There are 2 protein chains.
Amino acid sequence: MRVLGVDPGLTRCGVGVVDGTAGRPLRMVAVGVVRTPADAEVPQRLVGIERGIEEWLDEHRPEAVAVERVFSQHNVRTVMGTAQASAVAMLCAARRGLPVALHTPSEVKAAVSGSGRADKAQVAAMVTRLLRLDAPPRPADAADALALAICHIWRAPALNRLQQARRLHSAKGPVR
Amino acid sequence: MRVLGVDPGLTRCGVGVVDGTAGRPLRMVAVGVVRTPADAEVPQRLVGIERGIEEWLDEHRPEAVAVERVFSQHNVRTVMGTAQASAVAMLCAARRGLPVALHTPSEVKAAVSGSGRADKAQVAAMVTRLLRLDAPPRPADAADALALAICHIWRAPALNRLQQARRLHSAKGPVR
């Protein structure tokens with residue numbers, strides 16, 4: 001299974017592609033950052049992000065896309081930009097018929113480090129170890145994108161079973 | 001000047017096209033709502049909104065797009081959906097090279113009714129009067145989209161002068 005992880009942001013959108021299956025060693029395919037100039041207008045920045053994500057999808061042909069789920073309890077300005085960038089990532093994936101999964105930051109941290117409260121350095125260290133890299137990926141957004149992809153590869157079997165159960169349930173109608 | 005106003009939302013995205021110039025009577029070209037099913041996943045809903053906005057742009061060829069500026073002080077869940085839908089609207093417009101302007105709800109209310117604290121009914125009544133319609137447009141999101149377009153037509157000359165002044169200023173460098 002090949003997954004593109006996207007850590008959304010207007011200034012730096014982390015992107016990372018990982019190959020793997022739950023229970024088998026993982027392989028990093030590529031990692032990078034889609035950047036847009038901070039002094040550009042938001043609509044133009046969204047066009048830049050769309051172009052960047054499309055290039056990553058074209059080049060690496062992932063089977064699924066994992067995007068960080070955005071919450072709005074943080075800084076107001078940042079959150080709006082993050083929500084907008086994540087909308088573009090979801091749109092690009094869904095337009096191609098690719099499944100899109102959203103994982104919260106604590107789900108990602110828990111998946112790669114065992115703790116939902118792990119800090120950035122801990123997540124980067126685990127990503128480096130799990131993908132057998134020589135050094136932690138830079139910048140942090142790139143490491144987070146890889147962590148998202150890993151989280152998705154490991155959570156996908158459970159998520160799929162859940163979805164199948166739901167589909168079966170709604171096909172049969174509620175149990176009386 | 002032909003403007004497409006977009007009142008962004010995942011469930012109902014209001015869209016309205018108005019022709020006009022500041023100081024002259026306005027004309028409504030079309031009004032409607034782009035809807036996506038509440039039980040669909042967000043990525044699929046964003047694809048639906050993109051398709052809808054593209055149809056409106058293709059059919060009515062506006063020269064500018066006015067989108068409501070989203071704030072996140074309101075309900076968290078609603079705001080994320082609104083930010084995502086507005087990102088798609090901005091993307092569709094900017095991809096075609098159309099200028100995109102964001103207006104806050106109070107700027108729109110002040111433009112059409114004279115008060116930034118006007119209620120929904122007051123805005124709808126003024127939109128009906130200004131566009132010489134027989135009845136207020138329904139649903140409310142459609143009336144809001146028309147109000148956005150009107151606000152843009154009336155604010156555009158001032159906004160353009162401001163942008164020109166800024167460009168001139170930055171070309172000449174700061175005054176010492």
# chains A, B, ... in the order shown; residues from 1 in each chain; ligands from 1
$ residues_around --residues "Leu130 in chain A" --least-positions-apart "4" --cutoff "10 Å" --atoms "only C-alpha atoms" --output "number ranges by chain"
A: 25-28, 112, 124-126, 147, 150
$ interface_residues --of "chain B" --to "chain A" --cutoff "9 Å" --atoms "only C-alpha atoms" --output "ChimeraX atom specification"
/B:42-47,50,70-73,76-77,79-81,83-95,97,99-100
$ residues_around --residues "Leu4 in chain A" --least-positions-apart "6" --cutoff "6 Å" --atoms "only C-alpha atoms" --output "number ranges by chain"
A: 16-17, 62, 65, 149
$ write_last_selection --atoms "N, CA, C and O atoms" --output "short mmCIF file (atom, residue, chain, number, x, y, z; two decimals), in the first residue's frame"
data_model
loop_
_atom_site.label_atom_id
_atom_site.label_comp_id
_atom_site.auth_asym_id
_atom_site.auth_seq_id
_atom_site.Cartn_x
_atom_site.Cartn_y
_atom_site.Cartn_z
N GLY A 16 4.76 13.50 2.15
CA GLY A 16 5.65 12.36 2.29
C GLY A 16 4.96 11.11 1.78
O GLY A 16 3.78 10.89 2.05
N VAL A 17 5.69 10.30 1.02
CA VAL A 17 5.12 9.07 0.45
C VAL A 17 5.81 7.87 1.09
O VAL A 17 7.04 7.80 1.14
N PRO A 62 -0.06 7.48 -5.33
CA PRO A 62 -0.42 6.77 -4.09
C PRO A 62 -1.81 6.13 -4.22
O PRO A 62 -2.61 6.53 -5.07
N VAL A 65 -4.62 8.83 0.45
CA VAL A 65 -4.03 10.08 0.94
C VAL A 65 -4.48 10.29 2.38
O VAL A 65 -5.66 10.13 2.70
N ALA A 149 1.54 9.34 6.98
CA ALA A 149 1.46 8.20 6.06
C ALA A 149 1.64 6.89 6.82
O ALA A 149 0.90 5.92 6.60
#
$ select_by_dssp --residues "range 1-129 of chain B" --states "strand (DSSP E)" --output "ChimeraX atom specification"
/B:2-7,12-19,27-35,64-68,100-103
$ atom_distance --atom1 "CA of Lys120 in chain A" --atom2 "CA of Val108 in chain A"
11.2 Å
$ residues_around --residues "Gly32 in chain B" --least-positions-apart "2" --cutoff "9 Å" --atoms "only C-alpha atoms" --output "list in words"
Cys13, Gly14, Val15, Gly16, Ala30, Val34, Pro137, Arg138, Pro139, Asp141, Ala142, Ala143 and Ala145 of chain B
$ select_by_dssp --residues "chain B" --states "alpha helix (DSSP H)" --output "ChimeraX atom specification"
/B:42-60,76-95,105-113,120-130,140-172
$ residues_around --residues "Ile153 in chain A" --least-positions-apart "4" --cutoff "10 Å" --atoms "only C-alpha atoms" --output "VMD selection string"
chain A and resid 1 to 3 18 to 23 26 64 66 111 147 to 149 157
$ closest_residue --among "B:Ala40, B:Val31, B:Leu162, B:Ala121" --to "Thr11 in chain B" --atoms "only C-alpha atoms"
B:Ala40
$ atom_distance --atom1 "CA of Asp134 in chain B" --atom2 "CA of Ala110 in chain B"
22.9 Å
$ closest_residue --among "B:Leu102, B:Leu159, B:Trp154, B:Gly5" --to "His60 in chain B" --atoms "only C-alpha atoms"
B:Gly5
